[in-house]
Structure formats: structure tokens, C-alpha cells
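Visitor: One structure follows; several queries about it will come next.
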Amino acid sequence: MPPRMSTAMAGQEPALAQGLPPLELNPGLVSDPGLKPVAAKLIAGERLDAADGLALMTSQDLLGLGALAHAARLAKNGLATHYVLNRQINYSNICGNRCTFCAFWREPDGEGAYLLSPQEAAALAAEHPEMDLAELHIVGSCHPELGLDYYCELLRALGAARPKATLKAFTAAEIDHFACREGISAREVLKRFMDCGLRALTGGGAEVFSPRVRAKLCPTKTSGQRWLEVSGQAHALGLPTNATMLYGHIETPQERVEHLLALRDQQDLSGGFSAFIPLAFHPDNTGLGDISRTTGLDDLRVVAASRLLLDNIPHIKAYWVMLGPKVAQVALNFGADDLDGTIVEERITHTAGATTAKGMTEAELRHLITSAGFVPVRRDSFYRSLEQD
């Protein structure tokens with residue numbers, strides 16, 4: 001039997017996502033008095049506000065948070081837990097932004113600096129021909145010298161190497177950088193890339209939208225407001241995107257909540273965010289090496305708060321590369337319904353000290369899902385099921 005496909009197709013203008021219905025949950029599972037008004041709102045089907053978000057983001061009632069977020073997860077996605085057969089390709093680490101939190105970037109003549117030719121990137125994509133890849137996930141850097149011709153050739157070469165795989169490429173920050181360098185609009189960049197096979201944007205580059213944080217950690221990078229604008233322009237062209245938040249460095253709980261609510265507002269306007277991915281900061285080899293890594297409580301709290309605040313974004317990812325497989329598995333009970341994918345060769349987080357594997361097999365992903373009591377759903381880039389009947 002052919003794979004099951006939903007009626008939503010890539011290239012269509014995105015429909016506005018729906019919020020949460022009134023949730024069925026036992027308020028007695030919540031012990032934190034600060035969460036009880038939040039539970040009451042969720043039971044009544046009311047949208048959460050900034051004060052509710054701060055209560056979620058600061059609560060130590062882990063079981064209460066899990067109860068609330070799991071109820072929202074069930075309402076959104078049931079027991080379905082998604083994954084994709086994908087490969088990440090990082091075309092270059094040469095970047096002019098020099099973000100303090102990043103261990104990946106290099107100066108053009110720095111030790112370890114590299115730039116893949118389109119042909120070299122295509123050769124990587126063609127590896128493991130036995131893998132039925134559904135997606136190529138392509139991100140790199142804000143290279144100070146490359147023009148659009150390079151990126152167009154890159155997309156065409158990757159598409160030729162893996163014609164069945166969706167090209168999910170570049171962050172909104174990269175798109176803005178390309179546009180500024182070329183002196184054209186982000187919309188024009190997106191349209192040219194779509195002609196070369198681009199079908200979705202990745203969600204990176206958002207970091208934390210707080211101007212205070214960005215002034216200290218990434219002052220030359222695309223602003224948070226501009227990141228949202230470019231994402232909205234992609235949505236208007238029918239390009240779905242992901243959204244992210246890098247947490248666990250110098251941001252405050254309030255700034256986390258403000259970031260999530262800004263994403264929710266943008267989703268209300270343009271409706272094109274497919275998934276939200278909380279990214280736990282890894283400090284090794286960065287300019288913030290004295291910061292401790294996030295705790296399990298914080299990781300699960302952010303996942304849960306994200307599911308509850310982002311009522312209009314369909315999916316929440318537990319990114320196993322940053323969380324580790326075990327915490328990612330637990331996060332499936334805290335609102336997450338997606339483990340990302342096979343990845344094959346992750347570089348960016350591992351440069352910052354990640355100790356997880358660089359890739360995971362499909363069998364390993366399915367085992368994590370089924371052993372936690374959920375139903376694995378192999379998907380494509382647009383959350384269409386590729387499960388066989």
C-alpha cells in the first residue's frame with residue numbers, strides 16, 4: 001500500500017493553526033498553588049497569558065507541569081509521536097556574526113574553517129543510499145562573501161542527489177543576511193530559492209528575541225523582530241518553517257515567555273510554523289563556557305510551558321541531540337510529540353560539547369517511542385504520515 005498522505009500539501013498557503021480546546025485533566029495532580037489558576041484556565045478553554053507563562057516557567061511542580069502539558073499534547077496529537085528520516089548538512093562554518101554562544105563559527109582563515117562546494121555537499125547527501133531519506137536539513141552560517149549563485153547551485157545539486165527528499169534549508173537569519181548582502185528583498189531571495197527546489201525553512205537563528213540578550217550575545221545578528229518578519233514572508237509564499245528558542249544561558253524566565261508569546265502572535269498572523277523546537281544551550285567551547293548546562297527539570301519545564309503557551313503551533317519537538325535520548329523520551333509525557341529524526345551527522349551542537357550520538361537509526365527512534373507507550377509515526381517534512389498500512 002502507498003504511504004498515507006494528508007490533504008495539506010507543500011506550496012499551499014498555510015492555514016491558521018487552531019488553539020487548544022478545553023482540556024480534560026485532574027486539577028488535583030497540580031500541587032503548586034501558582035499553577036492552579038493556569039489549570040483552571042486550561043479546563044475552561046481559555047488562552048494563557050504572560051503571567052500564566054511565568055508561572056509555568058518558574059514552577060518546580062514537575063508532575064503538575066507534566067499533567068497539564070500532557071493533556072494538551074493528547075488534545076493536539078493524541079499518542080502519535082513523529083520522526084523523520086533526515087540528514088543534516090552544514091555547508092560552512094565561516095560566519096561574520098561571531099555570536100558569543102556559538103562554538104561552530106570560524107573566521108575565514110581560522111583553524112577548522114571550511115566551505116563545502118555544492119558537489120561536496122551533494123556527495124554527502126548521496127551517502128547511505130539504502131536510507132529512504134525524506135528530508136535534507138541544510139544550515140550553515142552567515143558567510144561574509146558567498147553570493148546567491150552559490151546557494152542556488154547548492155540547492156540544485158542537493159536536489160539532484162536526493163530527488164525524493166524535501167529540501168528544508170536555511171534559517172530566517174540566513175535569508176535576511178543573503179538579502180542584505182545582495183541588496184534585494186528577503187521575499188525575492190525566497191522566491192529564487194523556491195525555483196531551485198527549496199520547500200521549507202529550518203527554525204534556527206531565533207535564539208532569544210530579547211533585545212537585551214541579543215545586544216550581549218549576538219549584536220550583529222538579525223534582530224528578533226526581523227526574524228519574525230522573514231518567517232511571515234516565507235509563510236505567505238507557502239513555505240512552512242519551524243521555530244526555535246535557545247535557552248539556558250543569560251536569559252530570564254520572563255524573556256523566555258516573551259519569546260514564546262511573540263512566536264504565538266506571529267503564528268496567529270501567518271500560520272506557517274509547523275513545529276517549535278526548544279534548544280538547550282551547550283556551553284563548551286563558547287564564550288559562555290562558565291555557564292552550567294541545563295538541568296532535567298529545566299528542560300522538561302521548557303517543553304511543557306512551550307506546549308501550553310504555543311497553543312496554535314501544531315507540534316513540539318524533543319530534540320534528542322541536545323536533550324539526550326532519555327530526557328527526550330521523558331519529554332513525550334511533557335507535551336512533545338516529535339523526536340526530530342535520524343540526522344546522520346550533527347555538527348553544530350557537538351562542537352559545543354554534546355555527548356550524544358551524531359545520528360540515530362530509525363529502529364532506535366521507534367524503540368524510544370514505543371517503549372514510552374506512544375505510537376511512532378514516520379513523517380515527511382510537512383507532517384504527512386509515511387507509515388505503511
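In the C-alpha cells, each chain is lettered A, B, ... as it comes, each chain's residues begin at 1, and ligands are numbered from 1 in order of appearance.
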How close does each residue of range 275-346 of chain A get to range 358-374 of chain A, giving the shortest atom pair and distance in Å to one decimal for every residue with an atom at most 9 Å away, counting only C-alpha atoms, sorted by chain and residue number, as a Markdown table?
Guide:
```
| residue | atom | partner | partner_atom | distance |
| --- | --- | --- | --- | --- |
| A:Val321 | CA | A:Lys358 | CA | 7.5 |
| A:Pro325 | CA | A:Leu368 | CA | 7.8 |
| A:Lys326 | CA | A:Leu368 | CA | 8.2 |
| A:Ala328 | CA | A:Leu368 | CA | 8.9 |
| A:Gln329 | CA | A:Leu368 | CA | 6.2 |
| A:Val330 | CA | A:Ala372 | CA | 7.7 |
| A:Leu332 | CA | A:Ala372 | CA | 7.9 |
| A:Asn333 | CA | A:Ala372 | CA | 8.5 |
| A:Leu339 | CA | A:Leu365 | CA | 7.6 |
| A:Gly341 | CA | A:Met360 | CA | 7.4 |
| A:Thr342 | CA | A:Met360 | CA | 4.7 |
| A:Ile343 | CA | A:Gly359 | CA | 5.1 |
| A:Val344 | CA | A:Gly359 | CA | 4.1 |
| A:Glu345 | CA | A:Lys358 | CA | 4.9 |
| A:Glu346 | CA | A:Lys358 | CA | 4.9 |
```
Visitor: Only C-alpha atoms, please: the residues just picked out, written as a PDB file, in the first residue's frame.
Guide:
```pdb
ATOM      1  CA  VAL A 321      20.657  15.720  20.144  1.00  0.00           C
ATOM      2  CA  PRO A 325      17.677  10.375  24.189  1.00  0.00           C
ATOM      3  CA  LYS A 326      16.480   9.614  27.724  1.00  0.00           C
ATOM      4  CA  ALA A 328      13.786  13.430  25.091  1.00  0.00           C
ATOM      5  CA  GLN A 329      11.851  10.230  25.710  1.00  0.00           C
ATOM      6  CA  VAL A 330      10.503  11.553  29.014  1.00  0.00           C
ATOM      7  CA  LEU A 332       6.982  12.871  25.287  1.00  0.00           C
ATOM      8  CA  ASN A 333       4.958  12.950  28.511  1.00  0.00           C
ATOM      9  CA  LEU A 339      11.746  13.429  18.255  1.00  0.00           C
ATOM     10  CA  GLY A 341      14.959  12.358  13.084  1.00  0.00           C
ATOM     11  CA  THR A 342      17.903  10.231  12.108  1.00  0.00           C
ATOM     12  CA  ILE A 343      20.119  13.301  11.379  1.00  0.00           C
ATOM     13  CA  VAL A 344      23.152  11.100  10.409  1.00  0.00           C
ATOM     14  CA  GLU A 345      25.824  13.726  11.203  1.00  0.00           C
ATOM     15  CA  GLU A 346      25.094  16.611  13.574  1.00  0.00           C
TER      16      GLU A 346
END
```
Visitor: Which polymer residues have any atom within 10 Å of an atom of Leu68 in chain A, counting only C-alpha atoms, with same-chain residues fewer than 5 positions away left out, as a list in words?
Guide: Leu23, Glu24, Leu25, Asn26, Pro27, Leu29, Val30, Leu35, Val38, Ala39, Leu42, Ile43, Leu56, Leu63, Arg73, Ala304, Ala305, Arg307, Leu308, Asn333, Phe334 and Gly335 of chain A
Visitor: From a DSSP calculation on the backbone, collect every residue of range 178-239 of chain A in strand (DSSP E or B) and output the set as a PDB file with all heavy atoms, in the first residue's frame.
Guide:
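Okay, this is what ended up in selection39.pdb:
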```pdb
ATOM      1  N   LEU A 198      13.831  24.778  -3.017  1.00  0.00           N
ATOM      2  CA  LEU A 198      13.558  24.972  -1.593  1.00  0.00           C
ATOM      3  C   LEU A 198      12.076  24.760  -1.314  1.00  0.00           C
ATOM      4  O   LEU A 198      11.215  25.314  -2.016  1.00  0.00           O
ATOM      5  CB  LEU A 198      13.956  26.389  -1.170  1.00  0.00           C
ATOM      6  CG  LEU A 198      13.726  26.755   0.296  1.00  0.00           C
ATOM      7  CD1 LEU A 198      14.683  25.981   1.191  1.00  0.00           C
ATOM      8  CD2 LEU A 198      13.892  28.255   0.508  1.00  0.00           C
ATOM      9  N   ARG A 199      11.770  23.981  -0.265  1.00  0.00           N
ATOM     10  CA  ARG A 199      10.385  23.696   0.064  1.00  0.00           C
ATOM     11  C   ARG A 199      10.019  24.017   1.512  1.00  0.00           C
ATOM     12  O   ARG A 199       8.851  23.982   1.880  1.00  0.00           O
ATOM     13  CB  ARG A 199      10.066  22.228  -0.224  1.00  0.00           C
ATOM     14  CG  ARG A 199      10.099  21.890  -1.715  1.00  0.00           C
ATOM     15  CD  ARG A 199       9.012  22.634  -2.469  1.00  0.00           C
ATOM     16  NE  ARG A 199       9.060  22.411  -3.925  1.00  0.00           N
ATOM     17  CZ  ARG A 199       9.640  23.225  -4.790  1.00  0.00           C
ATOM     18  NH1 ARG A 199      10.247  24.338  -4.344  1.00  0.00           N
ATOM     19  NH2 ARG A 199       9.636  22.973  -6.073  1.00  0.00           N
ATOM     20  N   ALA A 200      10.994  24.308   2.345  1.00  0.00           N
ATOM     21  CA  ALA A 200      10.721  24.669   3.742  1.00  0.00           C
ATOM     22  C   ALA A 200      11.960  25.325   4.315  1.00  0.00           C
ATOM     23  O   ALA A 200      13.082  25.088   3.857  1.00  0.00           O
ATOM     24  CB  ALA A 200      10.341  23.438   4.569  1.00  0.00           C
ATOM     25  N   LEU A 201      11.759  26.171   5.339  1.00  0.00           N
ATOM     26  CA  LEU A 201      12.866  26.751   6.084  1.00  0.00           C
ATOM     27  C   LEU A 201      13.052  26.011   7.393  1.00  0.00           C
ATOM     28  O   LEU A 201      12.103  25.479   7.969  1.00  0.00           O
ATOM     29  CB  LEU A 201      12.612  28.231   6.396  1.00  0.00           C
ATOM     30  CG  LEU A 201      12.567  29.250   5.266  1.00  0.00           C
ATOM     31  CD1 LEU A 201      12.531  30.662   5.847  1.00  0.00           C
ATOM     32  CD2 LEU A 201      13.729  29.097   4.317  1.00  0.00           C
TER      33      LEU A 201
END
```
Visitor: Where in range 149-255 of chain A does DSSP assign helix (DSSP H, G or I), given as a PyMOL selection string?
Guide: chain A and resi 149-161+172-182+186-195+211-217+224-236+253-255
Visitor: At a cut-off of 10 Å, using only C-alpha atoms, what residues contact Ile291 in chain A? Leave out same-chain residues fewer than 2 positions from it and give the result as a short mmCIF file (atom, residue, chain, number, x, y, z; two decimals) with N, CA, C and O atoms, in the first residue's frame.
Guide:
```
data_model
loop_
_atom_site.label_atom_id
_atom_site.label_comp_id
_atom_site.auth_asym_id
_atom_site.auth_seq_id
_atom_site.Cartn_x
_atom_site.Cartn_y
_atom_site.Cartn_z
N GLY A 248 18.81 28.66 28.44
CA GLY A 248 19.78 28.12 29.38
C GLY A 248 21.09 28.87 29.41
O GLY A 248 22.11 28.32 29.81
N HIS A 249 21.09 30.14 29.01
CA HIS A 249 22.33 30.95 29.05
C HIS A 249 22.09 32.16 29.94
O HIS A 249 22.12 32.01 31.18
N ILE A 250 21.87 33.35 29.41
CA ILE A 250 21.71 34.53 30.27
C ILE A 250 20.28 35.07 30.27
O ILE A 250 20.02 36.10 30.89
N PHE A 281 20.92 25.09 25.66
CA PHE A 281 22.25 25.64 25.40
C PHE A 281 23.34 24.70 25.90
O PHE A 281 23.28 24.17 27.01
N HIS A 282 24.36 24.51 25.05
CA HIS A 282 25.56 23.76 25.41
C HIS A 282 26.73 24.75 25.46
O HIS A 282 27.06 25.36 24.44
N PRO A 283 27.39 24.91 26.62
CA PRO A 283 28.36 25.99 26.78
C PRO A 283 29.79 25.69 26.35
O PRO A 283 30.59 26.62 26.17
N ASP A 284 30.15 24.42 26.17
CA ASP A 284 31.56 24.09 25.92
C ASP A 284 32.06 24.76 24.64
O ASP A 284 31.36 24.82 23.63
N THR A 286 32.42 27.78 23.89
CA THR A 286 31.78 29.04 23.56
C THR A 286 32.34 30.14 24.45
O THR A 286 33.13 29.88 25.36
N GLY A 287 31.89 31.36 24.23
CA GLY A 287 32.27 32.46 25.10
C GLY A 287 31.53 32.47 26.41
O GLY A 287 31.71 33.39 27.22
N LEU A 288 30.70 31.46 26.64
CA LEU A 288 29.93 31.35 27.89
C LEU A 288 30.25 30.02 28.57
O LEU A 288 29.39 29.38 29.16
N GLY A 289 31.51 29.63 28.50
CA GLY A 289 31.91 28.33 29.00
C GLY A 289 31.77 28.13 30.49
O GLY A 289 31.83 27.00 30.98
N ARG A 293 25.29 23.59 32.37
CA ARG A 293 24.26 23.08 31.45
C ARG A 293 22.89 23.06 32.12
O ARG A 293 22.79 23.04 33.35
N THR A 294 21.88 23.05 31.33
CA THR A 294 20.52 23.00 31.86
C THR A 294 20.30 21.69 32.61
O THR A 294 20.91 20.66 32.32
#
```
Visitor: Just the number, please: distance in Å from CA of Ile89 in chain A to CA of Glu120 in chain A, one decimal.
Guide: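 Value for the CA of Ile89 in chain A-CA of Glu120 in chain A distance: 10.5 Å.
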Visitor: What separation in Å, quoted to one decimal, exists between CA of Lys216 in chain A and CA of Asn97 in chain A?
Guide: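 Computed distance, CA of Lys216 in chain A to CA of Asn97 in chain A, equals 12.5 Å.
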Visitor: Determine, counting only C-alpha atoms, which protein, DNA and RNA residues have an atom within 12 Å of an atom of Cys152 in chain A; residues of the same chain fewer than 6 positions away are not included. Present the result as JSON, numbers by chain.
Guide: {"A": [117, 118, 146, 158, 159, 167, 169, 170, 178, 189, 190, 191, 192, 193, 194, 195, 196, 197, 198]}
Visitor: With distances taken over only C-alpha atoms, which of A:Gln225, A:Ser381, A:Asn312, A:Ser92 is nearest to His143 in chain A?
Guide: A:Ser92
